[in-house]
>>> print(open('final_11.pdb').read())   # PDB, C-alpha atoms, pLDDT in the B column
ATOM      1  CA  MET A   1       7.496 -21.456  21.294  1.00 51.00           C
ATOM      2  CA  GLY A   2       9.013 -23.700  18.655  1.00 55.00           C
ATOM      3  CA  GLU A   3       7.410 -26.623  16.843  1.00 59.00           C
ATOM      4  CA  TYR A   4       8.770 -29.112  19.416  1.00 62.00           C
ATOM      5  CA  GLY A   5       7.181 -27.277  22.331  1.00 63.00           C
ATOM      6  CA  ARG A   6       3.633 -27.404  20.949  1.00 64.00           C
ATOM      7  CA  ASP A   7       1.026 -29.933  21.967  1.00 68.00           C
ATOM      8  CA  PRO A   8       0.700 -32.320  18.975  1.00 66.00           C
ATOM      9  CA  ARG A   9      -2.959 -32.973  19.777  1.00 72.00           C
ATOM     10  CA  LYS A  10      -3.940 -29.370  19.074  1.00 69.00           C
ATOM     11  CA  CYS A  11      -4.482 -27.980  15.619  1.00 68.00           C
ATOM     12  CA  HIS A  12      -3.110 -24.470  15.062  1.00 67.00           C
ATOM     13  CA  PHE A  13      -4.787 -22.416  12.363  1.00 68.00           C
ATOM     14  CA  SER A  14      -4.111 -18.886  11.230  1.00 74.00           C
ATOM     15  CA  PRO A  15      -6.343 -17.275   8.589  1.00 77.00           C
ATOM     16  CA  TYR A  16      -3.554 -14.906   7.608  1.00 80.00           C
ATOM     17  CA  ALA A  17      -0.629 -15.259   5.253  1.00 84.00           C
ATOM     18  CA  ASP A  18       2.051 -12.663   4.648  1.00 86.00           C
ATOM     19  CA  ASN A  19       2.600 -12.361   0.900  1.00 89.00           C
ATOM     20  CA  GLY A  20       5.427  -9.898   1.362  1.00 85.00           C
ATOM     21  CA  GLY A  21       6.222  -6.837  -0.642  1.00 88.00           C
ATOM     22  CA  THR A  22       7.737  -3.406  -0.338  1.00 91.00           C
ATOM     23  CA  THR A  23       6.107  -0.025  -0.918  1.00 92.00           C
ATOM     24  CA  ILE A  24       7.685   3.423  -0.726  1.00 90.00           C
ATOM     25  CA  ALA A  25       6.247   6.932  -1.099  1.00 89.00           C
ATOM     26  CA  ILE A  26       7.912  10.338  -1.350  1.00 86.00           C
ATOM     27  CA  ALA A  27       6.167  13.709  -1.449  1.00 83.00           C
ATOM     28  CA  GLY A  28       7.733  16.678  -3.177  1.00 80.00           C
ATOM     29  CA  ASP A  29       6.562  20.242  -3.578  1.00 77.00           C
ATOM     30  CA  ASP A  30       4.383  19.518  -6.616  1.00 81.00           C
ATOM     31  CA  PHE A  31       4.401  15.723  -6.956  1.00 86.00           C
ATOM     32  CA  VAL A  32       3.959  12.472  -5.074  1.00 88.00           C
ATOM     33  CA  MET A  33       5.917   9.385  -6.078  1.00 91.00           C
ATOM     34  CA  VAL A  34       4.791   5.956  -4.883  1.00 93.00           C
ATOM     35  CA  GLY A  35       6.176   2.584  -5.843  1.00 93.00           C
ATOM     36  CA  SER A  36       6.004  -1.115  -5.118  1.00 94.00           C
ATOM     37  CA  ASP A  37       7.878  -4.203  -6.120  1.00 93.00           C
ATOM     38  CA  SER A  38       6.112  -6.613  -8.460  1.00 93.00           C
ATOM     39  CA  ARG A  39       6.791  -9.918  -6.663  1.00 91.00           C
ATOM     40  CA  LEU A  40       3.883 -11.671  -4.982  1.00 91.00           C
ATOM     41  CA  ALA A  41       5.325 -14.360  -2.725  1.00 90.00           C
ATOM     42  CA  GLY A  42       3.713 -17.219  -0.862  1.00 86.00           C
ATOM     43  CA  ARG A  43       4.881 -19.884   1.530  1.00 80.00           C
ATOM     44  CA  ALA A  44       5.787 -22.232  -1.297  1.00 75.00           C
ATOM     45  CA  GLY A  45       7.571 -19.675  -3.456  1.00 86.00           C
ATOM     46  CA  ILE A  46       6.754 -16.968  -5.962  1.00 88.00           C
ATOM     47  CA  LEU A  47       3.088 -16.691  -6.983  1.00 88.00           C
ATOM     48  CA  SER A  48       3.518 -13.853  -9.481  1.00 89.00           C
ATOM     49  CA  ARG A  49       6.381 -11.768 -10.841  1.00 90.00           C
ATOM     50  CA  ASN A  50       4.214  -8.987 -12.258  1.00 91.00           C
ATOM     51  CA  GLN A  51       1.789  -7.821  -9.549  1.00 92.00           C
ATOM     52  CA  THR A  52       1.697  -4.199  -8.453  1.00 93.00           C
ATOM     53  CA  LYS A  53       0.714  -3.367  -4.902  1.00 94.00           C
ATOM     54  CA  VAL A  54      -0.399   0.175  -5.737  1.00 96.00           C
ATOM     55  CA  PHE A  55      -4.014   0.720  -6.740  1.00 96.00           C
ATOM     56  CA  PRO A  56      -5.632   3.874  -8.168  1.00 95.00           C
ATOM     57  CA  LEU A  57      -8.622   5.088  -6.164  1.00 94.00           C
ATOM     58  CA  THR A  58      -9.385   8.450  -7.778  1.00 93.00           C
ATOM     59  CA  ALA A  59      -7.719  10.560 -10.449  1.00 91.00           C
ATOM     60  CA  ASN A  60      -5.301  12.027  -7.870  1.00 90.00           C
ATOM     61  CA  THR A  61      -5.229   9.365  -5.132  1.00 92.00           C
ATOM     62  CA  MET A  62      -3.659   5.905  -4.884  1.00 94.00           C
ATOM     63  CA  ILE A  63      -3.271   3.330  -2.135  1.00 94.00           C
ATOM     64  CA  ALA A  64      -0.194   1.159  -1.595  1.00 93.00           C
ATOM     65  CA  SER A  65      -0.944  -2.050   0.332  1.00 93.00           C
ATOM     66  CA  THR A  66       1.131  -5.044   1.389  1.00 91.00           C
ATOM     67  CA  GLY A  67       0.457  -8.017   3.634  1.00 90.00           C
ATOM     68  CA  CYS A  68      -2.082 -10.802   3.177  1.00 91.00           C
ATOM     69  CA  TRP A  69      -3.003 -10.634  -0.513  1.00 93.00           C
ATOM     70  CA  ALA A  70      -6.587 -11.811   0.042  1.00 92.00           C
ATOM     71  CA  ASP A  71      -7.072  -8.969   2.538  1.00 93.00           C
ATOM     72  CA  VAL A  72      -5.424  -6.456   0.184  1.00 94.00           C
ATOM     73  CA  LEU A  73      -7.893  -7.404  -2.560  1.00 95.00           C
ATOM     74  CA  SER A  74     -10.858  -7.410  -0.172  1.00 95.00           C
ATOM     75  CA  LEU A  75      -9.969  -3.978   1.225  1.00 94.00           C
ATOM     76  CA  ASN A  76      -9.490  -2.595  -2.298  1.00 96.00           C
ATOM     77  CA  LYS A  77     -12.883  -3.992  -3.357  1.00 96.00           C
ATOM     78  CA  ASP A  78     -14.580  -2.398  -0.322  1.00 95.00           C
ATOM     79  CA  LEU A  79     -12.846   0.926  -1.047  1.00 95.00           C
ATOM     80  CA  GLN A  80     -13.878   0.882  -4.707  1.00 96.00           C
ATOM     81  CA  ALA A  81     -17.512   0.218  -3.704  1.00 96.00           C
ATOM     82  CA  LYS A  82     -17.541   3.081  -1.159  1.00 96.00           C
ATOM     83  CA  LEU A  83     -15.872   5.464  -3.617  1.00 96.00           C
ATOM     84  CA  THR A  84     -18.393   4.576  -6.331  1.00 96.00           C
ATOM     85  CA  LEU A  85     -21.297   5.209  -3.943  1.00 96.00           C
ATOM     86  CA  TYR A  86     -19.781   8.547  -2.918  1.00 96.00           C
ATOM     87  CA  SER A  87     -19.209   9.547  -6.536  1.00 96.00           C
ATOM     88  CA  GLN A  88     -22.779   8.690  -7.536  1.00 96.00           C
ATOM     89  CA  GLU A  89     -24.302  10.455  -4.561  1.00 96.00           C
ATOM     90  CA  HIS A  90     -22.180  13.628  -4.615  1.00 95.00           C
ATOM     91  CA  HIS A  91     -21.252  13.807  -8.325  1.00 95.00           C
ATOM     92  CA  ASP A  92     -17.654  14.392  -7.310  1.00 94.00           C
ATOM     93  CA  GLU A  93     -14.568  12.404  -6.297  1.00 93.00           C
ATOM     94  CA  MET A  94     -13.216  12.241  -2.755  1.00 92.00           C
ATOM     95  CA  ASN A  95     -10.033  14.160  -2.083  1.00 90.00           C
ATOM     96  CA  THR A  96      -6.976  12.412  -0.652  1.00 88.00           C
ATOM     97  CA  SER A  97      -7.700  13.396   2.962  1.00 86.00           C
ATOM     98  CA  ALA A  98     -11.243  12.035   2.735  1.00 90.00           C
ATOM     99  CA  VAL A  99     -10.000   8.788   1.165  1.00 92.00           C
ATOM    100  CA  ALA A 100      -7.459   8.427   3.988  1.00 89.00           C
ATOM    101  CA  GLN A 101     -10.243   8.912   6.526  1.00 90.00           C
ATOM    102  CA  LEU A 102     -12.374   6.324   4.688  1.00 93.00           C
ATOM    103  CA  VAL A 103      -9.506   3.801   4.814  1.00 92.00           C
ATOM    104  CA  SER A 104      -9.047   4.519   8.517  1.00 89.00           C
ATOM    105  CA  THR A 105     -12.772   3.981   9.140  1.00 91.00           C
ATOM    106  CA  LEU A 106     -12.887   0.733   7.144  1.00 92.00           C
ATOM    107  CA  LEU A 107      -9.892  -0.620   9.035  1.00 91.00           C
ATOM    108  CA  TYR A 108     -11.429   0.407  12.372  1.00 89.00           C
ATOM    109  CA  TRP A 109     -14.683  -1.397  11.526  1.00 90.00           C
ATOM    110  CA  ARG A 110     -12.663  -4.586  11.052  1.00 89.00           C
ATOM    111  CA  ARG A 111     -10.682  -4.225  14.283  1.00 86.00           C
ATOM    112  CA  PHE A 112     -11.922  -7.515  15.813  1.00 89.00           C
ATOM    113  CA  PHE A 113     -10.966  -9.586  12.750  1.00 87.00           C
ATOM    114  CA  PRO A 114      -8.646  -7.096  11.066  1.00 88.00           C
ATOM    115  CA  TYR A 115      -7.335  -6.861   7.564  1.00 89.00           C
ATOM    116  CA  TYR A 116      -3.721  -8.034   7.684  1.00 89.00           C
ATOM    117  CA  VAL A 117      -2.453  -5.187   5.513  1.00 90.00           C
ATOM    118  CA  SER A 118      -0.159  -2.183   5.728  1.00 89.00           C
ATOM    119  CA  ASN A 119      -1.431   0.824   3.789  1.00 90.00           C
ATOM    120  CA  MET A 120      -0.324   4.218   2.561  1.00 90.00           C
ATOM    121  CA  VAL A 121      -2.776   6.596   0.936  1.00 91.00           C
ATOM    122  CA  VAL A 122      -0.979   9.031  -1.370  1.00 90.00           C
ATOM    123  CA  GLY A 123      -2.145  11.755  -3.689  1.00 89.00           C
ATOM    124  CA  LEU A 124      -2.628  15.419  -4.448  1.00 86.00           C
ATOM    125  CA  ASP A 125      -5.009  17.556  -2.429  1.00 79.00           C
ATOM    126  CA  GLU A 126      -6.071  21.132  -2.769  1.00 77.00           C
ATOM    127  CA  ASP A 127      -3.293  21.837  -0.249  1.00 70.00           C
ATOM    128  CA  GLY A 128      -0.676  20.055  -2.345  1.00 66.00           C
ATOM    129  CA  CYS A 129       0.957  16.660  -1.932  1.00 64.00           C
ATOM    130  CA  ASN A 130      -0.188  14.241   0.694  1.00 65.00           C
ATOM    131  CA  ILE A 131       0.995  10.932   2.108  1.00 67.00           C
ATOM    132  CA  ARG A 132      -1.088   9.312   4.810  1.00 61.00           C
ATOM    133  CA  PRO A 133       0.572   6.757   7.099  1.00 55.00           C
ATOM    134  CA  PRO A 134      -0.829   3.346   8.026  1.00 49.00           C
ATOM    135  CA  PHE A 135      -3.942   3.195  10.180  1.00 47.00           C
ATOM    136  CA  LYS A 136      -3.720   4.339  13.772  1.00 41.00           C
ATOM    137  CA  ALA A 137      -6.891   4.661  15.817  1.00 36.00           C
ATOM    138  CA  TYR A 138      -5.564   7.375  18.125  1.00 33.00           C
ATOM    139  CA  PRO A 139      -4.417   9.988  17.254  1.00 35.00           C
ATOM    140  CA  PRO A 140      -6.068  10.409  13.837  1.00 39.00           C
ATOM    141  CA  THR A 141      -3.779  10.069  10.860  1.00 41.00           C
ATOM    142  CA  ALA A 142      -1.833  13.162   9.894  1.00 45.00           C
ATOM    143  CA  PRO A 143      -0.056  13.913   6.627  1.00 48.00           C
ATOM    144  CA  LEU A 144       3.603  12.985   6.454  1.00 47.00           C
ATOM    145  CA  HIS A 145       6.093  14.644   4.158  1.00 49.00           C
ATOM    146  CA  PHE A 146       8.963  12.204   3.963  1.00 49.00           C
ATOM    147  CA  LEU A 147      10.943  14.439   1.649  1.00 49.00           C
ATOM    148  CA  ASN A 148      10.418  17.912   0.302  1.00 51.00           C
ATOM    149  CA  ALA A 149      12.920  17.433  -2.467  1.00 49.00           C
ATOM    150  CA  PRO A 150      14.389  20.752  -3.629  1.00 55.00           C
ATOM    151  CA  ARG A 151      15.646  19.062  -6.799  1.00 64.00           C
ATOM    152  CA  GLY A 152      12.251  17.527  -7.391  1.00 76.00           C
ATOM    153  CA  ALA A 153      11.307  14.261  -8.968  1.00 78.00           C
ATOM    154  CA  ALA A 154      14.806  13.338 -10.196  1.00 85.00           C
ATOM    155  CA  LEU A 155      16.172  13.041  -6.649  1.00 86.00           C
ATOM    156  CA  ALA A 156      13.053  11.230  -5.442  1.00 86.00           C
ATOM    157  CA  HIS A 157      13.314   8.803  -8.371  1.00 89.00           C
ATOM    158  CA  GLN A 158      16.948   8.037  -7.563  1.00 90.00           C
ATOM    159  CA  LEU A 159      16.181   7.547  -3.859  1.00 89.00           C
ATOM    160  CA  MET A 160      13.332   5.147  -4.617  1.00 91.00           C
ATOM    161  CA  HIS A 161      15.414   3.242  -7.167  1.00 92.00           C
ATOM    162  CA  ASP A 162      18.249   2.809  -4.649  1.00 93.00           C
ATOM    163  CA  ALA A 163      15.814   1.810  -1.879  1.00 91.00           C
ATOM    164  CA  PHE A 164      14.223  -0.907  -4.014  1.00 92.00           C
ATOM    165  CA  ILE A 165      17.606  -2.293  -5.048  1.00 92.00           C
ATOM    166  CA  SER A 166      18.640  -2.393  -1.384  1.00 92.00           C
ATOM    167  CA  ALA A 167      15.356  -4.036  -0.314  1.00 89.00           C
ATOM    168  CA  ALA A 168      15.638  -6.652  -3.079  1.00 89.00           C
ATOM    169  CA  GLU A 169      19.101  -7.602  -1.850  1.00 90.00           C
ATOM    170  CA  ARG A 170      17.900  -8.078   1.729  1.00 88.00           C
ATOM    171  CA  ASP A 171      14.368  -9.474   1.416  1.00 85.00           C
ATOM    172  CA  VAL A 172      13.478 -12.687  -0.408  1.00 85.00           C
ATOM    173  CA  ASN A 173       9.875 -11.473  -0.876  1.00 85.00           C
ATOM    174  CA  THR A 174      10.966  -8.332  -2.755  1.00 88.00           C
ATOM    175  CA  GLY A 175      12.232  -8.465  -6.307  1.00 85.00           C
ATOM    176  CA  ASP A 176      11.616  -8.903 -10.048  1.00 88.00           C
ATOM    177  CA  SER A 177      10.847  -5.237 -10.755  1.00 92.00           C
ATOM    178  CA  CYS A 178       9.613  -2.062  -9.127  1.00 93.00           C
ATOM    179  CA  ILE A 179       6.729  -0.065 -10.499  1.00 95.00           C
ATOM    180  CA  LEU A 180       6.913   3.668  -9.795  1.00 95.00           C
ATOM    181  CA  TYR A 181       3.930   6.004 -10.109  1.00 95.00           C
ATOM    182  CA  THR A 182       4.405   9.779 -10.191  1.00 93.00           C
ATOM    183  CA  ILE A 183       1.277  11.817  -9.436  1.00 91.00           C
ATOM    184  CA  THR A 184       1.308  15.439 -10.588  1.00 88.00           C
ATOM    185  CA  LYS A 185      -1.377  17.956 -11.487  1.00 87.00           C
ATOM    186  CA  ASP A 186      -1.019  16.716 -15.075  1.00 90.00           C
ATOM    187  CA  GLY A 187      -1.892  13.116 -14.186  1.00 90.00           C
ATOM    188  CA  VAL A 188      -0.208   9.844 -13.258  1.00 93.00           C
ATOM    189  CA  ALA A 189       2.962   8.528 -14.940  1.00 93.00           C
ATOM    190  CA  GLU A 190       4.035   4.901 -14.566  1.00 94.00           C
ATOM    191  CA  GLU A 191       7.541   3.464 -14.904  1.00 94.00           C
ATOM    192  CA  GLN A 192       8.823  -0.073 -14.427  1.00 94.00           C
ATOM    193  CA  ILE A 193      12.437  -0.778 -13.403  1.00 92.00           C
ATOM    194  CA  LYS A 194      13.919  -4.281 -13.378  1.00 92.00           C
ATOM    195  CA  LEU A 195      15.278  -5.766 -10.134  1.00 88.00           C
ATOM    196  CA  ARG A 196      16.878  -9.120  -9.382  1.00 82.00           C
ATOM    197  CA  ARG A 197      14.832 -12.157 -10.446  1.00 77.00           C
ATOM    198  CA  ASP A 198      16.060 -14.950  -8.171  1.00 72.00           C
TER     199      ASP A 198
END
>>> encode(input="final_11.pdb", output="structure tokens")
Amino acid sequence: MGEYGRDPRKCHFSPYADNGGTTIAIAGDDFVMVGSDSRLAGRAGILSRNQTKVFPLTANTMIASTGCWADVLSLNKDLQAKLTLYSQEHHDEMNTSAVAQLVSTLLYWRRFFPYYVSNMVVGLDEDGCNIRPPFKAYPPTAPLHFLNAPRGAALAHQLMHDAFISAAERDVNTGDSCILYTITKDGVAEEQIKLRRD
């Protein structure tokens, strides 16, 4: 219903705001590449031109989140607290599958007043590369391999670069630059690529 069809005597309030953003992940045979744009948008315009939407959780696991920025930060804070407790109790870090299950559980706990976020948990497991899709209560999340690139990281890098350029041309909330993270057994590499800045 449009603005003219609403009852002017009623106040409409929504606690959520969509701050936009684009995230992409690609799994290869021995690497995972995840990226996000750096624009943080609001209703009134651009809030920041240098804000990543990918957060490190462990040495081999990251989470990419978009949506309501307050909820993204709140979810990340809850995750960091749970991971710290786990690390102190077990003297070890969670693997990517366990982190994905933790994210799923945290999102399920908040199902009646949910976090307004879209997530991807990415990382390296003992089984290799892993990308976990956004939360679904049933069936449980399963690993997705979007691309098993035979030519490796170079093809994945080009695909992600092209995808971000295309997204920046079509979406006003995507732009400024994209930040790409490549997770391998040797660690995490970060690269920033400029996009349009309008």
>>> axis_aligned_box(input="final_11.pdb", around="range 45-61 of chain A", padding_each_side="8 Å", output="JSON")
{"center_x": -0.9, "center_y": -3.8, "center_z": -7.9, "size_x": 33.0, "size_y": 47.7, "size_z": 24.8}
>>> residues_around(input="final_11.pdb", residues="Gly20 in chain A", least_positions_apart="5", cutoff="9 Å", atoms="all atoms listed in the file", output="VMD selection string")
chain A and resid 39 to 42 66 to 69 171 to 174
>>> closest_residue(input="final_11.pdb", among="A:Leu195, A:Leu75, A:Cys178, A:Ala189", to="Ser36 in chain A", atoms="all atoms listed in the file")
A:Cys178
>>> resolve_selection(input="final_11.pdb", expression="the PyMOL selection byres ((chain A and resi 80) around 12)", output="PyMOL selection string")
chain A and resi 55-58+62-63+73-79+81-87+93-94+99+102-103+106
>>> atom_distance(input="final_11.pdb", atom1="CA of Ile179 in chain A", atom2="CA of Asp37 in chain A")
6.1 Å
>>> resolve_selection(input="final_11.pdb", expression="the PyMOL selection byres ((chain A and resi 49-51) around 8)", output="number ranges by chain")
A: 37-40, 46-48, 52-53, 176-177
>>> atom_distance(input="final_11.pdb", atom1="CA of Val54 in chain A", atom2="CA of Met120 in chain A")
9.2 Å
>>> atom_distance(input="final_11.pdb", atom1="CA of Arg197 in chain A", atom2="CA of Met33 in chain A")
23.7 Å
>>> residues_around(input="final_11.pdb", residues="Leu107 in chain A", least_positions_apart="3", cutoff="12 Å", atoms="only C-alpha atoms", output="PDB file with C-alpha atoms, in the frame of the given file")
ATOM      1  CA  ASP A  71      -7.072  -8.969   2.538  1.00 93.00           C
ATOM      2  CA  VAL A  72      -5.424  -6.456   0.184  1.00 94.00           C
ATOM      3  CA  SER A  74     -10.858  -7.410  -0.172  1.00 95.00           C
ATOM      4  CA  LEU A  75      -9.969  -3.978   1.225  1.00 94.00           C
ATOM      5  CA  ASN A  76      -9.490  -2.595  -2.298  1.00 96.00           C
ATOM      6  CA  ASP A  78     -14.580  -2.398  -0.322  1.00 95.00           C
ATOM      7  CA  LEU A  79     -12.846   0.926  -1.047  1.00 95.00           C
ATOM      8  CA  ALA A 100      -7.459   8.427   3.988  1.00 89.00           C
ATOM      9  CA  GLN A 101     -10.243   8.912   6.526  1.00 90.00           C
ATOM     10  CA  LEU A 102     -12.374   6.324   4.688  1.00 93.00           C
ATOM     11  CA  VAL A 103      -9.506   3.801   4.814  1.00 92.00           C
ATOM     12  CA  SER A 104      -9.047   4.519   8.517  1.00 89.00           C
ATOM     13  CA  ARG A 110     -12.663  -4.586  11.052  1.00 89.00           C
ATOM     14  CA  ARG A 111     -10.682  -4.225  14.283  1.00 86.00           C
ATOM     15  CA  PHE A 112     -11.922  -7.515  15.813  1.00 89.00           C
ATOM     16  CA  PHE A 113     -10.966  -9.586  12.750  1.00 87.00           C
ATOM     17  CA  PRO A 114      -8.646  -7.096  11.066  1.00 88.00           C
ATOM     18  CA  TYR A 115      -7.335  -6.861   7.564  1.00 89.00           C
ATOM     19  CA  TYR A 116      -3.721  -8.034   7.684  1.00 89.00           C
ATOM     20  CA  VAL A 117      -2.453  -5.187   5.513  1.00 90.00           C
ATOM     21  CA  SER A 118      -0.159  -2.183   5.728  1.00 89.00           C
ATOM     22  CA  ASN A 119      -1.431   0.824   3.789  1.00 90.00           C
ATOM     23  CA  PRO A 134      -0.829   3.346   8.026  1.00 49.00           C
ATOM     24  CA  PHE A 135      -3.942   3.195  10.180  1.00 47.00           C
ATOM     25  CA  LYS A 136      -3.720   4.339  13.772  1.00 41.00           C
ATOM     26  CA  ALA A 137      -6.891   4.661  15.817  1.00 36.00           C
TER      27      ALA A 137
END
>>> resolve_selection(input="final_11.pdb", expression="the PyMOL selection byres ((chain A and resi 95) around 8)", output="PyMOL selection string")
chain A and resi 60-61+93-94+96-99+124-125
>>> write_last_selection(input="final_11.pdb", atoms="C-alpha atoms", output="mmCIF file, keeping the file's coordinate frame")
data_model
loop_
_atom_site.group_PDB
_atom_site.id
_atom_site.type_symbol
_atom_site.label_atom_id
_atom_site.label_comp_id
_atom_site.auth_asym_id
_atom_site.auth_seq_id
_atom_site.Cartn_x
_atom_site.Cartn_y
_atom_site.Cartn_z
ATOM 1 C CA ASN A 60 -5.301 12.027 -7.870
ATOM 2 C CA THR A 61 -5.229 9.365 -5.132
ATOM 3 C CA GLU A 93 -14.568 12.404 -6.297
ATOM 4 C CA MET A 94 -13.216 12.241 -2.755
ATOM 5 C CA THR A 96 -6.976 12.412 -0.652
ATOM 6 C CA SER A 97 -7.700 13.396 2.962
ATOM 7 C CA ALA A 98 -11.243 12.035 2.735
ATOM 8 C CA VAL A 99 -10.000 8.788 1.165
ATOM 9 C CA LEU A 124 -2.628 15.419 -4.448
ATOM 10 C CA ASP A 125 -5.009 17.556 -2.429
#
>>> closest_residue(input="final_11.pdb", among="A:Thr105, A:Gln192, A:Ser65, A:Gln88", to="Ile24 in chain A", atoms="all atoms listed in the file")
A:Ser65
>>> decode(input="final_11.pdb", residues="range 177-184 of chain A", atoms="all heavy atoms", output="PDB file, in the first residue's frame")
ATOM      1  N   SER A 177      34.824   0.815  -3.528  1.00  0.00           N
ATOM      2  CA  SER A 177      35.878  -0.169  -3.762  1.00  0.00           C
ATOM      3  C   SER A 177      35.380  -1.530  -3.312  1.00  0.00           C
ATOM      4  O   SER A 177      34.384  -1.632  -2.607  1.00  0.00           O
ATOM      5  CB  SER A 177      37.170   0.203  -3.018  1.00  0.00           C
ATOM      6  OG  SER A 177      36.968   0.152  -1.623  1.00  0.00           O
ATOM      7  N   CYS A 178      36.074  -2.573  -3.738  1.00  0.00           N
ATOM      8  CA  CYS A 178      35.783  -3.905  -3.223  1.00  0.00           C
ATOM      9  C   CYS A 178      37.037  -4.403  -2.521  1.00  0.00           C
ATOM     10  O   CYS A 178      38.156  -4.127  -2.936  1.00  0.00           O
ATOM     11  CB  CYS A 178      35.315  -4.859  -4.308  1.00  0.00           C
ATOM     12  SG  CYS A 178      36.488  -5.194  -5.621  1.00  0.00           S
ATOM     13  N   ILE A 179      36.812  -5.094  -1.433  1.00  0.00           N
ATOM     14  CA  ILE A 179      37.905  -5.638  -0.639  1.00  0.00           C
ATOM     15  C   ILE A 179      37.815  -7.151  -0.741  1.00  0.00           C
ATOM     16  O   ILE A 179      36.814  -7.749  -0.355  1.00  0.00           O
ATOM     17  CB  ILE A 179      37.816  -5.169   0.823  1.00  0.00           C
ATOM     18  CG1 ILE A 179      37.776  -3.634   0.876  1.00  0.00           C
ATOM     19  CG2 ILE A 179      38.982  -5.711   1.629  1.00  0.00           C
ATOM     20  CD1 ILE A 179      37.393  -3.073   2.204  1.00  0.00           C
ATOM     21  N   LEU A 180      38.839  -7.766  -1.305  1.00  0.00           N
ATOM     22  CA  LEU A 180      38.871  -9.209  -1.522  1.00  0.00           C
ATOM     23  C   LEU A 180      39.823  -9.861  -0.528  1.00  0.00           C
ATOM     24  O   LEU A 180      40.950  -9.395  -0.335  1.00  0.00           O
ATOM     25  CB  LEU A 180      39.327  -9.533  -2.943  1.00  0.00           C
ATOM     26  CG  LEU A 180      38.556  -8.896  -4.090  1.00  0.00           C
ATOM     27  CD1 LEU A 180      39.176  -9.303  -5.422  1.00  0.00           C
ATOM     28  CD2 LEU A 180      37.094  -9.272  -4.041  1.00  0.00           C
ATOM     29  N   TYR A 181      39.370 -10.928   0.093  1.00  0.00           N
ATOM     30  CA  TYR A 181      40.184 -11.709   1.023  1.00  0.00           C
ATOM     31  C   TYR A 181      40.355 -13.102   0.430  1.00  0.00           C
ATOM     32  O   TYR A 181      39.378 -13.735   0.039  1.00  0.00           O
ATOM     33  CB  TYR A 181      39.510 -11.821   2.384  1.00  0.00           C
ATOM     34  CG  TYR A 181      39.262 -10.493   3.054  1.00  0.00           C
ATOM     35  CD1 TYR A 181      38.084  -9.802   2.834  1.00  0.00           C
ATOM     36  CD2 TYR A 181      40.202  -9.934   3.898  1.00  0.00           C
ATOM     37  CE1 TYR A 181      37.842  -8.589   3.441  1.00  0.00           C
ATOM     38  CE2 TYR A 181      39.970  -8.715   4.519  1.00  0.00           C
ATOM     39  CZ  TYR A 181      38.790  -8.055   4.279  1.00  0.00           C
ATOM     40  OH  TYR A 181      38.553  -6.838   4.883  1.00  0.00           O
ATOM     41  N   THR A 182      41.591 -13.576   0.373  1.00  0.00           N
ATOM     42  CA  THR A 182      41.876 -14.929  -0.096  1.00  0.00           C
ATOM     43  C   THR A 182      42.412 -15.730   1.081  1.00  0.00           C
ATOM     44  O   THR A 182      43.446 -15.377   1.658  1.00  0.00           O
ATOM     45  CB  THR A 182      42.895 -14.915  -1.243  1.00  0.00           C
ATOM     46  OG1 THR A 182      42.414 -14.067  -2.282  1.00  0.00           O
ATOM     47  CG2 THR A 182      43.107 -16.311  -1.796  1.00  0.00           C
ATOM     48  N   ILE A 183      41.700 -16.799   1.445  1.00  0.00           N
ATOM     49  CA  ILE A 183      42.096 -17.646   2.565  1.00  0.00           C
ATOM     50  C   ILE A 183      42.731 -18.912   2.003  1.00  0.00           C
ATOM     51  O   ILE A 183      42.104 -19.638   1.226  1.00  0.00           O
ATOM     52  CB  ILE A 183      40.882 -18.016   3.440  1.00  0.00           C
ATOM     53  CG1 ILE A 183      40.129 -16.761   3.898  1.00  0.00           C
ATOM     54  CG2 ILE A 183      41.309 -18.847   4.639  1.00  0.00           C
ATOM     55  CD1 ILE A 183      38.796 -17.054   4.548  1.00  0.00           C
ATOM     56  N   THR A 184      43.985 -19.138   2.362  1.00  0.00           N
ATOM     57  CA  THR A 184      44.693 -20.361   1.988  1.00  0.00           C
ATOM     58  C   THR A 184      45.294 -20.966   3.244  1.00  0.00           C
ATOM     59  O   THR A 184      45.194 -20.392   4.330  1.00  0.00           O
ATOM     60  CB  THR A 184      45.814 -20.080   0.970  1.00  0.00           C
ATOM     61  OG1 THR A 184      46.779 -19.208   1.586  1.00  0.00           O
ATOM     62  CG2 THR A 184      45.268 -19.431  -0.291  1.00  0.00           C
TER      63      THR A 184
END
